[in-house]
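*Asks:* Here you go, this is my_file-v1.pdb (PDB, N, CA and C atoms).
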ATOM      1  N   MET A   1       0.809  -1.208   0.000
ATOM      2  CA  MET A   1       0.000   0.000   0.000
ATOM      3  C   MET A   1       0.851   1.270   0.000
ATOM      4  N   GLU A   2       2.130   1.164   0.326
ATOM      5  CA  GLU A   2       2.962   2.353   0.410
ATOM      6  C   GLU A   2       3.012   3.116  -0.905
ATOM      7  N   ASN A   3       2.987   2.410  -2.037
ATOM      8  CA  ASN A   3       3.077   3.051  -3.344
ATOM      9  C   ASN A   3       1.722   3.218  -4.018
ATOM     10  N   ALA A   4       0.656   2.930  -3.295
ATOM     11  CA  ALA A   4      -0.678   3.035  -3.883
ATOM     12  C   ALA A   4      -0.970   4.480  -4.265
ATOM     13  N   ARG A   5      -1.608   4.649  -5.418
ATOM     14  CA  ARG A   5      -2.067   5.971  -5.853
ATOM     15  C   ARG A   5      -3.552   6.042  -5.591
ATOM     16  N   ILE A   6      -3.980   7.063  -4.880
ATOM     17  CA  ILE A   6      -5.391   7.206  -4.516
ATOM     18  C   ILE A   6      -5.929   8.479  -5.146
ATOM     19  N   ALA A   7      -6.995   8.331  -5.938
ATOM     20  CA  ALA A   7      -7.676   9.474  -6.539
ATOM     21  C   ALA A   7      -8.985   9.686  -5.794
ATOM     22  N   VAL A   8      -9.174  10.881  -5.281
ATOM     23  CA  VAL A   8     -10.418  11.255  -4.611
ATOM     24  C   VAL A   8     -11.162  12.172  -5.570
ATOM     25  N   ILE A   9     -12.347  11.762  -5.981
ATOM     26  CA  ILE A   9     -13.122  12.538  -6.939
ATOM     27  C   ILE A   9     -14.130  13.369  -6.175
ATOM     28  N   GLY A  10     -13.882  14.663  -6.117
ATOM     29  CA  GLY A  10     -14.769  15.588  -5.432
ATOM     30  C   GLY A  10     -14.135  16.134  -4.164
ATOM     31  N   GLY A  11     -14.077  17.453  -4.088
ATOM     32  CA  GLY A  11     -13.467  18.119  -2.941
ATOM     33  C   GLY A  11     -14.485  18.630  -1.943
ATOM     34  N   GLY A  12     -15.604  17.924  -1.830
ATOM     35  CA  GLY A  12     -16.601  18.299  -0.827
ATOM     36  C   GLY A  12     -16.224  17.747   0.537
ATOM     37  N   LEU A  13     -17.172  17.791   1.441
ATOM     38  CA  LEU A  13     -16.919  17.352   2.809
ATOM     39  C   LEU A  13     -16.441  15.909   2.858
ATOM     40  N   ALA A  14     -17.088  15.011   2.134
ATOM     41  CA  ALA A  14     -16.703  13.597   2.175
ATOM     42  C   ALA A  14     -15.342  13.370   1.523
ATOM     43  N   GLY A  15     -15.112  13.974   0.358
ATOM     44  CA  GLY A  15     -13.846  13.780  -0.346
ATOM     45  C   GLY A  15     -12.657  14.306   0.446
ATOM     46  N   LEU A  16     -12.801  15.511   0.991
ATOM     47  CA  LEU A  16     -11.700  16.075   1.765
ATOM     48  C   LEU A  16     -11.507  15.340   3.088
ATOM     49  N   SER A  17     -12.596  14.857   3.671
ATOM     50  CA  SER A  17     -12.478  14.069   4.904
ATOM     51  C   SER A  17     -11.718  12.774   4.635
ATOM     52  N   PHE A  18     -12.057  12.119   3.522
ATOM     53  CA  PHE A  18     -11.347  10.890   3.184
ATOM     54  C   PHE A  18      -9.876  11.166   2.914
ATOM     55  N   ALA A  19      -9.584  12.216   2.135
ATOM     56  CA  ALA A  19      -8.191  12.542   1.824
ATOM     57  C   ALA A  19      -7.413  12.826   3.109
ATOM     58  N   ASN A  20      -8.016  13.564   4.022
ATOM     59  CA  ASN A  20      -7.363  13.848   5.297
ATOM     60  C   ASN A  20      -7.120  12.560   6.074
ATOM     61  N   ALA A  21      -8.108  11.671   6.084
ATOM     62  CA  ALA A  21      -7.957  10.394   6.806
ATOM     63  C   ALA A  21      -6.846   9.553   6.190
ATOM     64  N   ALA A  22      -6.776   9.528   4.864
ATOM     65  CA  ALA A  22      -5.726   8.748   4.194
ATOM     66  C   ALA A  22      -4.342   9.296   4.542
ATOM     67  N   LEU A  23      -4.192  10.612   4.504
ATOM     68  CA  LEU A  23      -2.905  11.227   4.849
ATOM     69  C   LEU A  23      -2.566  10.985   6.314
ATOM     70  N   TYR A  24      -3.557  11.099   7.165
ATOM     71  CA  TYR A  24      -3.360  10.872   8.606
ATOM     72  C   TYR A  24      -2.866   9.454   8.871
ATOM     73  N   ASN A  25      -3.319   8.522   8.046
ATOM     74  CA  ASN A  25      -2.943   7.117   8.222
ATOM     75  C   ASN A  25      -1.715   6.721   7.404
ATOM     76  N   GLY A  26      -0.981   7.705   6.917
ATOM     77  CA  GLY A  26       0.308   7.426   6.299
ATOM     78  C   GLY A  26       0.304   7.222   4.804
ATOM     79  N   LEU A  27      -0.822   7.340   4.141
ATOM     80  CA  LEU A  27      -0.852   7.219   2.683
ATOM     81  C   LEU A  27      -0.493   8.579   2.093
ATOM     82  N   ARG A  28       0.555   8.638   1.308
ATOM     83  CA  ARG A  28       1.084   9.926   0.847
ATOM     84  C   ARG A  28       0.750  10.267  -0.601
ATOM     85  N   ASN A  29       0.331   9.320  -1.389
ATOM     86  CA  ASN A  29       0.087   9.577  -2.804
ATOM     87  C   ASN A  29      -1.412   9.750  -3.051
ATOM     88  N   VAL A  30      -1.975  10.799  -2.440
ATOM     89  CA  VAL A  30      -3.416  11.080  -2.509
ATOM     90  C   VAL A  30      -3.613  12.359  -3.315
ATOM     91  N   THR A  31      -4.471  12.293  -4.328
ATOM     92  CA  THR A  31      -4.784  13.467  -5.142
ATOM     93  C   THR A  31      -6.295  13.685  -5.121
ATOM     94  N   VAL A  32      -6.709  14.924  -4.827
ATOM     95  CA  VAL A  32      -8.125  15.287  -4.840
ATOM     96  C   VAL A  32      -8.406  16.000  -6.155
ATOM     97  N   TYR A  33      -9.406  15.521  -6.885
ATOM     98  CA  TYR A  33      -9.842  16.137  -8.140
ATOM     99  C   TYR A  33     -11.176  16.821  -7.897
ATOM    100  N   GLU A  34     -11.252  18.088  -8.237
ATOM    101  CA  GLU A  34     -12.469  18.882  -8.043
ATOM    102  C   GLU A  34     -12.704  19.702  -9.295
ATOM    103  N   GLN A  35     -13.935  19.710  -9.792
ATOM    104  CA  GLN A  35     -14.215  20.446 -11.021
ATOM    105  C   GLN A  35     -14.313  21.953 -10.820
ATOM    106  N   ALA A  36     -14.668  22.404  -9.620
ATOM    107  CA  ALA A  36     -14.747  23.846  -9.370
ATOM    108  C   ALA A  36     -13.348  24.454  -9.433
ATOM    109  N   LYS A  37     -13.278  25.649  -9.970
ATOM    110  CA  LYS A  37     -11.982  26.317 -10.106
ATOM    111  C   LYS A  37     -11.435  26.802  -8.764
ATOM    112  N   GLU A  38     -12.327  27.033  -7.802
ATOM    113  CA  GLU A  38     -11.913  27.487  -6.477
ATOM    114  C   GLU A  38     -12.942  27.049  -5.440
ATOM    115  N   PHE A  39     -12.496  26.956  -4.210
ATOM    116  CA  PHE A  39     -13.420  26.682  -3.119
ATOM    117  C   PHE A  39     -14.000  28.009  -2.670
ATOM    118  N   ARG A  40     -15.320  28.045  -2.496
ATOM    119  CA  ARG A  40     -15.953  29.291  -2.063
ATOM    120  C   ARG A  40     -17.223  28.969  -1.300
ATOM    121  N   GLU A  41     -17.706  29.958  -0.599
ATOM    122  CA  GLU A  41     -18.950  29.809   0.144
ATOM    123  C   GLU A  41     -20.104  29.732  -0.843
ATOM    124  N   ILE A  42     -21.005  28.778  -0.622
ATOM    125  CA  ILE A  42     -22.166  28.667  -1.499
ATOM    126  C   ILE A  42     -23.464  28.920  -0.738
ATOM    127  N   GLY A  43     -23.357  29.255   0.529
ATOM    128  CA  GLY A  43     -24.537  29.562   1.316
ATOM    129  C   GLY A  43     -25.183  28.355   1.956
ATOM    130  N   ALA A  44     -24.596  27.204   1.789
ATOM    131  CA  ALA A  44     -25.152  25.991   2.380
ATOM    132  C   ALA A  44     -24.578  25.793   3.769
ATOM    133  N   GLY A  45     -25.351  25.169   4.611
ATOM    134  CA  GLY A  45     -24.859  24.840   5.941
ATOM    135  C   GLY A  45     -24.414  23.395   5.992
ATOM    136  N   ILE A  46     -23.576  23.099   6.933
ATOM    137  CA  ILE A  46     -23.127  21.736   7.157
ATOM    138  C   ILE A  46     -23.452  21.383   8.592
ATOM    139  N   SER A  47     -24.088  20.263   8.757
ATOM    140  CA  SER A  47     -24.387  19.776  10.100
ATOM    141  C   SER A  47     -23.664  18.452  10.280
ATOM    142  N   LEU A  48     -22.920  18.337  11.347
ATOM    143  CA  LEU A  48     -22.207  17.106  11.636
ATOM    144  C   LEU A  48     -22.898  16.391  12.784
ATOM    145  N   SER A  49     -23.278  15.157  12.547
ATOM    146  CA  SER A  49     -23.891  14.363  13.607
ATOM    147  C   SER A  49     -22.827  14.017  14.643
ATOM    148  N   GLU A  50     -23.266  13.500  15.754
ATOM    149  CA  GLU A  50     -22.327  13.106  16.802
ATOM    150  C   GLU A  50     -21.306  12.101  16.277
ATOM    151  N   ASN A  51     -21.763  11.119  15.469
ATOM    152  CA  ASN A  51     -20.840  10.119  14.936
ATOM    153  C   ASN A  51     -19.835  10.736  13.968
ATOM    154  N   ALA A  52     -20.283  11.642  13.103
ATOM    155  CA  ALA A  52     -19.358  12.302  12.176
ATOM    156  C   ALA A  52     -18.358  13.150  12.944
ATOM    157  N   PHE A  53     -18.830  13.850  13.963
ATOM    158  CA  PHE A  53     -17.947  14.671  14.772
ATOM    159  C   PHE A  53     -16.906  13.800  15.475
ATOM    160  N   ARG A  54     -17.348  12.667  15.997
ATOM    161  CA  ARG A  54     -16.423  11.749  16.685
ATOM    162  C   ARG A  54     -15.355  11.240  15.712
ATOM    163  N   CYS A  55     -15.776  10.923  14.491
ATOM    164  CA  CYS A  55     -14.830  10.443  13.472
ATOM    165  C   CYS A  55     -13.796  11.514  13.155
ATOM    166  N   LEU A  56     -14.229  12.746  12.918
ATOM    167  CA  LEU A  56     -13.293  13.820  12.602
ATOM    168  C   LEU A  56     -12.420  14.161  13.801
ATOM    169  N   ASP A  57     -12.960  13.995  14.999
ATOM    170  CA  ASP A  57     -12.181  14.246  16.211
ATOM    171  C   ASP A  57     -11.009  13.271  16.321
ATOM    172  N   GLN A  58     -11.180  12.064  15.801
ATOM    173  CA  GLN A  58     -10.093  11.086  15.836
ATOM    174  C   GLN A  58      -8.887  11.547  15.020
ATOM    175  N   TYR A  59      -9.099  12.492  14.112
ATOM    176  CA  TYR A  59      -8.000  13.049  13.326
ATOM    177  C   TYR A  59      -7.502  14.362  13.920
ATOM    178  N   GLY A  60      -7.885  14.630  15.166
ATOM    179  CA  GLY A  60      -7.395  15.818  15.850
ATOM    180  C   GLY A  60      -8.065  17.109  15.428
ATOM    181  N   LEU A  61      -9.288  17.032  14.933
ATOM    182  CA  LEU A  61      -9.946  18.219  14.393
ATOM    183  C   LEU A  61     -10.968  18.860  15.328
ATOM    184  N   GLN A  62     -11.177  18.315  16.531
ATOM    185  CA  GLN A  62     -12.225  18.851  17.405
ATOM    186  C   GLN A  62     -12.028  20.332  17.699
ATOM    187  N   GLU A  63     -10.848  20.714  18.128
ATOM    188  CA  GLU A  63     -10.607  22.113  18.480
ATOM    189  C   GLU A  63     -10.840  23.027  17.282
ATOM    190  N   ALA A  64     -10.335  22.646  16.118
ATOM    191  CA  ALA A  64     -10.510  23.467  14.913
ATOM    192  C   ALA A  64     -11.977  23.542  14.507
ATOM    193  N   LEU A  65     -12.698  22.427  14.600
ATOM    194  CA  LEU A  65     -14.120  22.426  14.246
ATOM    195  C   LEU A  65     -14.915  23.338  15.168
ATOM    196  N   LEU A  66     -14.666  23.258  16.455
ATOM    197  CA  LEU A  66     -15.392  24.103  17.396
ATOM    198  C   LEU A  66     -15.039  25.577  17.209
ATOM    199  N   ARG A  67     -13.820  25.855  16.786
ATOM    200  CA  ARG A  67     -13.382  27.233  16.595
ATOM    201  C   ARG A  67     -14.118  27.900  15.429
ATOM    202  N   VAL A  68     -14.418  27.145  14.372
ATOM    203  CA  VAL A  68     -15.031  27.757  13.190
ATOM    204  C   VAL A  68     -16.520  27.465  13.056
ATOM    205  N   SER A  69     -17.071  26.684  13.957
ATOM    206  CA  SER A  69     -18.487  26.349  13.869
ATOM    207  C   SER A  69     -19.333  27.505  14.381
ATOM    208  N   ASN A  70     -20.649  27.380  14.153
ATOM    209  CA  ASN A  70     -21.555  28.336  14.765
ATOM    210  C   ASN A  70     -21.331  28.310  16.260
ATOM    211  N   GLU A  71     -21.847  29.314  16.902
ATOM    212  CA  GLU A  71     -21.701  29.360  18.352
ATOM    213  C   GLU A  71     -22.123  28.041  18.968
ATOM    214  N   HIS A  72     -21.448  27.668  19.984
ATOM    215  CA  HIS A  72     -21.883  26.542  20.787
ATOM    216  C   HIS A  72     -21.828  27.009  22.228
ATOM    217  N   SER A  73     -22.718  26.504  22.997
ATOM    218  CA  SER A  73     -22.836  26.979  24.358
ATOM    219  C   SER A  73     -22.816  25.798  25.302
ATOM    220  N   THR A  74     -22.384  26.034  26.479
ATOM    221  CA  THR A  74     -22.442  24.971  27.475
ATOM    222  C   THR A  74     -23.307  25.426  28.632
ATOM    223  N   VAL A  75     -24.294  24.616  28.958
ATOM    224  CA  VAL A  75     -25.070  24.842  30.166
ATOM    225  C   VAL A  75     -24.233  24.347  31.329
ATOM    226  N   ASN A  76     -23.591  23.235  31.107
ATOM    227  CA  ASN A  76     -22.518  22.770  31.983
ATOM    228  C   ASN A  76     -21.444  22.249  31.048
ATOM    229  N   THR A  77     -20.441  21.588  31.532
ATOM    230  CA  THR A  77     -19.323  21.226  30.659
ATOM    231  C   THR A  77     -19.636  20.089  29.701
ATOM    232  N   THR A  78     -20.823  19.499  29.753
ATOM    233  CA  THR A  78     -21.095  18.354  28.879
ATOM    234  C   THR A  78     -22.348  18.517  28.024
ATOM    235  N   ARG A  79     -22.912  19.711  27.940
ATOM    236  CA  ARG A  79     -24.127  19.873  27.137
ATOM    237  C   ARG A  79     -23.931  20.980  26.110
ATOM    238  N   TYR A  80     -24.337  20.701  24.879
ATOM    239  CA  TYR A  80     -24.133  21.638  23.779
ATOM    240  C   TYR A  80     -25.468  21.951  23.105
ATOM    241  N   ALA A  81     -25.562  23.154  22.566
ATOM    242  CA  ALA A  81     -26.709  23.535  21.744
ATOM    243  C   ALA A  81     -26.173  24.022  20.405
ATOM    244  N   ARG A  82     -27.068  24.119  19.425
ATOM    245  CA  ARG A  82     -26.682  24.670  18.127
ATOM    246  C   ARG A  82     -27.477  25.939  17.874
ATOM    247  N   TRP A  83     -26.785  26.944  17.398
ATOM    248  CA  TRP A  83     -27.429  28.173  16.988
ATOM    249  C   TRP A  83     -27.474  28.170  15.469
ATOM    250  N   PHE A  84     -28.618  28.543  14.910
ATOM    251  CA  PHE A  84     -28.745  28.650  13.458
ATOM    252  C   PHE A  84     -28.857  30.134  13.126
ATOM    253  N   ARG A  85     -27.905  30.618  12.336
ATOM    254  CA  ARG A  85     -27.865  32.026  11.969
ATOM    255  C   ARG A  85     -27.888  32.171  10.451
ATOM    256  N   HIS A  86     -28.419  33.284   9.998
ATOM    257  CA  HIS A  86     -28.391  33.594   8.576
ATOM    258  C   HIS A  86     -26.934  33.736   8.158
ATOM    259  N   TYR A  87     -26.557  33.093   7.062
ATOM    260  CA  TYR A  87     -25.148  33.037   6.691
ATOM    261  C   TYR A  87     -24.565  34.388   6.293
ATOM    262  N   LYS A  88     -25.396  35.342   5.891
ATOM    263  CA  LYS A  88     -24.859  36.655   5.521
ATOM    264  C   LYS A  88     -25.010  37.685   6.635
ATOM    265  N   THR A  89     -26.171  37.703   7.278
ATOM    266  CA  THR A  89     -26.436  38.760   8.260
ATOM    267  C   THR A  89     -26.067  38.372   9.687
ATOM    268  N   GLY A  90     -25.975  37.084   9.949
ATOM    269  CA  GLY A  90     -25.702  36.646  11.309
ATOM    270  C   GLY A  90     -26.927  36.639  12.203
ATOM    271  N   GLU A  91     -28.096  36.992  11.632
ATOM    272  CA  GLU A  91     -29.331  37.024  12.418
ATOM    273  C   GLU A  91     -29.624  35.636  13.002
ATOM    274  N   LEU A  92     -29.951  35.603  14.289
ATOM    275  CA  LEU A  92     -30.293  34.347  14.944
ATOM    276  C   LEU A  92     -31.641  33.860  14.440
ATOM    277  N   LEU A  93     -31.680  32.646  13.893
ATOM    278  CA  LEU A  93     -32.909  32.082  13.345
ATOM    279  C   LEU A  93     -33.549  31.077  14.293
ATOM    280  N   ALA A  94     -32.727  30.299  14.979
ATOM    281  CA  ALA A  94     -33.257  29.277  15.885
ATOM    282  C   ALA A  94     -32.137  28.759  16.773
ATOM    283  N   ILE A  95     -32.531  28.150  17.875
ATOM    284  CA  ILE A  95     -31.594  27.460  18.756
ATOM    285  C   ILE A  95     -32.121  26.047  18.924
ATOM    286  N   SER A  96     -31.241  25.075  18.751
ATOM    287  CA  SER A  96     -31.654  23.676  18.856
ATOM    288  C   SER A  96     -31.768  23.259  20.316
ATOM    289  N   GLU A  97     -32.272  22.070  20.501
ATOM    290  CA  GLU A  97     -32.259  21.497  21.833
ATOM    291  C   GLU A  97     -30.827  21.178  22.230
ATOM    292  N   PHE A  98     -30.617  20.853  23.480
ATOM    293  CA  PHE A  98     -29.271  20.575  23.961
ATOM    294  C   PHE A  98     -28.926  19.112  23.760
ATOM    295  N   TYR A  99     -27.660  18.870  23.432
ATOM    296  CA  TYR A  99     -27.147  17.537  23.193
ATOM    297  C   TYR A  99     -26.000  17.258  24.165
ATOM    298  N   GLU A 100     -25.737  16.009  24.382
ATOM    299  CA  GLU A 100     -24.646  15.626  25.273
ATOM    300  C   GLU A 100     -23.283  15.795  24.609
ATOM    301  N   LYS A 101     -23.225  15.750  23.302
ATOM    302  CA  LYS A 101     -21.970  15.846  22.559
ATOM    303  C   LYS A 101     -22.089  16.965  21.535
ATOM    304  N   PRO A 102     -20.956  17.486  21.075
ATOM    305  CA  PRO A 102     -21.030  18.476  19.983
ATOM    306  C   PRO A 102     -21.767  17.872  18.797
ATOM    307  N   ASN A 103     -22.618  18.630  18.173
ATOM    308  CA  ASN A 103     -23.428  18.144  17.069
ATOM    309  C   ASN A 103     -23.728  19.310  16.149
TER     310      ASN A 103
END
Just give me the structure as structure tokens.

*Replies:*
Amino acid sequence: MENARIAVIGGGLAGLSFANAALYNGLRNVTVYEQAKEFREIGAGISLSENAFRCLDQYGLQEALLRVSNEHSTVNTTRYARWFRHYKTGELLAISEFYEKPN
């Protein structure tokens, strides 16, 4: 597997997550192919379930994810909520129920 060539088709959340996981696990010949000329904001939101968050956390991304995510709040040290804001204005649209894990 050391010389394996891996092509990842699509630079979205799944493609980049896989490429990161492959690099994290020592595979060095990974190429991501994306048809868009540049990465840019498209106004879509991304929601990560507890399982997806746990998976990305295994690659050391928890701190970075929490830093760039929507606000998260703690009622105590183990409960999280999600705030939904308008992507351009920042207007608060809704607050989710509280979860035991980041979500």

*Asks:* Got a sec: who's within 8 Å of A:Arg28, counting all atoms listed in the file, leaving out chain neighbours fewer than 2 positions off, as a list in words?

*Replies:*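 These residues fall inside the cut-off: Met1, Glu2, Asn3, Ala4, Arg5, Ile6, Ala22, Leu23, Tyr24, Asn25, Gly26, Val30 and Thr31 of chain A.
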
*Asks:* Step one, run DSSP on the backbone; step two, keep only residues of stretch 8-63 of chain A assigned to helix (DSSP H, G or I); then write them as a list in words.

*Replies:* Leu13, Ala14, Gly15, Leu16, Ser17, Phe18, Ala19, Asn20, Ala21, Ala22, Leu23, Tyr24, Glu50, Asn51, Ala52, Phe53, Arg54, Cys55, Leu56, Asp57, Gln62 and Glu63 of chain A

*Asks:* Since we have the selection now, will you write its residues out, keeping N, CA and C atoms, as a PDB file, in the coordinates of the input?

*Replies:*
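Resulting contents of again12.pdb:
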ATOM      1  N   LEU A  13     -17.172  17.791   1.441  1.00  0.00           N
ATOM      2  CA  LEU A  13     -16.919  17.352   2.809  1.00  0.00           C
ATOM      3  C   LEU A  13     -16.441  15.909   2.858  1.00  0.00           C
ATOM      4  N   ALA A  14     -17.088  15.011   2.134  1.00  0.00           N
ATOM      5  CA  ALA A  14     -16.703  13.597   2.175  1.00  0.00           C
ATOM      6  C   ALA A  14     -15.342  13.370   1.523  1.00  0.00           C
ATOM      7  N   GLY A  15     -15.112  13.974   0.358  1.00  0.00           N
ATOM      8  CA  GLY A  15     -13.846  13.780  -0.346  1.00  0.00           C
ATOM      9  C   GLY A  15     -12.657  14.306   0.446  1.00  0.00           C
ATOM     10  N   LEU A  16     -12.801  15.511   0.991  1.00  0.00           N
ATOM     11  CA  LEU A  16     -11.700  16.075   1.765  1.00  0.00           C
ATOM     12  C   LEU A  16     -11.507  15.340   3.088  1.00  0.00           C
ATOM     13  N   SER A  17     -12.596  14.857   3.671  1.00  0.00           N
ATOM     14  CA  SER A  17     -12.478  14.069   4.904  1.00  0.00           C
ATOM     15  C   SER A  17     -11.718  12.774   4.635  1.00  0.00           C
ATOM     16  N   PHE A  18     -12.057  12.119   3.522  1.00  0.00           N
ATOM     17  CA  PHE A  18     -11.347  10.890   3.184  1.00  0.00           C
ATOM     18  C   PHE A  18      -9.876  11.166   2.914  1.00  0.00           C
ATOM     19  N   ALA A  19      -9.584  12.216   2.135  1.00  0.00           N
ATOM     20  CA  ALA A  19      -8.191  12.542   1.824  1.00  0.00           C
ATOM     21  C   ALA A  19      -7.413  12.826   3.109  1.00  0.00           C
ATOM     22  N   ASN A  20      -8.016  13.564   4.022  1.00  0.00           N
ATOM     23  CA  ASN A  20      -7.363  13.848   5.297  1.00  0.00           C
ATOM     24  C   ASN A  20      -7.120  12.560   6.074  1.00  0.00           C
ATOM     25  N   ALA A  21      -8.108  11.671   6.084  1.00  0.00           N
ATOM     26  CA  ALA A  21      -7.957  10.394   6.806  1.00  0.00           C
ATOM     27  C   ALA A  21      -6.846   9.553   6.190  1.00  0.00           C
ATOM     28  N   ALA A  22      -6.776   9.528   4.864  1.00  0.00           N
ATOM     29  CA  ALA A  22      -5.726   8.748   4.194  1.00  0.00           C
ATOM     30  C   ALA A  22      -4.342   9.296   4.542  1.00  0.00           C
ATOM     31  N   LEU A  23      -4.192  10.612   4.504  1.00  0.00           N
ATOM     32  CA  LEU A  23      -2.905  11.227   4.849  1.00  0.00           C
ATOM     33  C   LEU A  23      -2.566  10.985   6.314  1.00  0.00           C
ATOM     34  N   TYR A  24      -3.557  11.099   7.165  1.00  0.00           N
ATOM     35  CA  TYR A  24      -3.360  10.872   8.606  1.00  0.00           C
ATOM     36  C   TYR A  24      -2.866   9.454   8.871  1.00  0.00           C
ATOM     37  N   GLU A  50     -23.266  13.500  15.754  1.00  0.00           N
ATOM     38  CA  GLU A  50     -22.327  13.106  16.802  1.00  0.00           C
ATOM     39  C   GLU A  50     -21.306  12.101  16.277  1.00  0.00           C
ATOM     40  N   ASN A  51     -21.763  11.119  15.469  1.00  0.00           N
ATOM     41  CA  ASN A  51     -20.840  10.119  14.936  1.00  0.00           C
ATOM     42  C   ASN A  51     -19.835  10.736  13.968  1.00  0.00           C
ATOM     43  N   ALA A  52     -20.283  11.642  13.103  1.00  0.00           N
ATOM     44  CA  ALA A  52     -19.358  12.302  12.176  1.00  0.00           C
ATOM     45  C   ALA A  52     -18.358  13.150  12.944  1.00  0.00           C
ATOM     46  N   PHE A  53     -18.830  13.850  13.963  1.00  0.00           N
ATOM     47  CA  PHE A  53     -17.947  14.671  14.772  1.00  0.00           C
ATOM     48  C   PHE A  53     -16.906  13.800  15.475  1.00  0.00           C
ATOM     49  N   ARG A  54     -17.348  12.667  15.997  1.00  0.00           N
ATOM     50  CA  ARG A  54     -16.423  11.749  16.685  1.00  0.00           C
ATOM     51  C   ARG A  54     -15.355  11.240  15.712  1.00  0.00           C
ATOM     52  N   CYS A  55     -15.776  10.923  14.491  1.00  0.00           N
ATOM     53  CA  CYS A  55     -14.830  10.443  13.472  1.00  0.00           C
ATOM     54  C   CYS A  55     -13.796  11.514  13.155  1.00  0.00           C
ATOM     55  N   LEU A  56     -14.229  12.746  12.918  1.00  0.00           N
ATOM     56  CA  LEU A  56     -13.293  13.820  12.602  1.00  0.00           C
ATOM     57  C   LEU A  56     -12.420  14.161  13.801  1.00  0.00           C
ATOM     58  N   ASP A  57     -12.960  13.995  14.999  1.00  0.00           N
ATOM     59  CA  ASP A  57     -12.181  14.246  16.211  1.00  0.00           C
ATOM     60  C   ASP A  57     -11.009  13.271  16.321  1.00  0.00           C
ATOM     61  N   GLN A  62     -11.177  18.315  16.531  1.00  0.00           N
ATOM     62  CA  GLN A  62     -12.225  18.851  17.405  1.00  0.00           C
ATOM     63  C   GLN A  62     -12.028  20.332  17.699  1.00  0.00           C
ATOM     64  N   GLU A  63     -10.848  20.714  18.128  1.00  0.00           N
ATOM     65  CA  GLU A  63     -10.607  22.113  18.480  1.00  0.00           C
ATOM     66  C   GLU A  63     -10.840  23.027  17.282  1.00  0.00           C
TER      67      GLU A  63
END

*Asks:* Starting from the displayed file, determine the output of the PyMOL selection byres ((chain A and resi 35-44) around 6.5) and express the residue list as a PyMOL selection string.

*Replies:* chain A and resi 10-11+33-34+45-46+87

*Asks:* Could you name the residues that touch A:Tyr59 at 9 Å or less, counting only C-alpha atoms, but leaving out those on the same chain fewer than 2 positions away, as a ChimeraX atom specification?

*Replies:* /A:20-21,24,55-57,61-62

*Asks:* Atom N of A:Asn29 and atom CA of A:Leu66, how far apart in Å?

*Replies:*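 According to the coordinates, atom CA of A:Leu66 and atom N of A:Asn29 are separated by 28.6 Å.
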
*Asks:* Kindly give the distance, in Å, that separates atom CA of A:Arg67 and atom CA of A:Ala7, rounded to a single decimal.

*Replies:*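 Straight-line distance from atom CA of A:Arg67 to atom CA of A:Ala7 works out to 29.7 Å.
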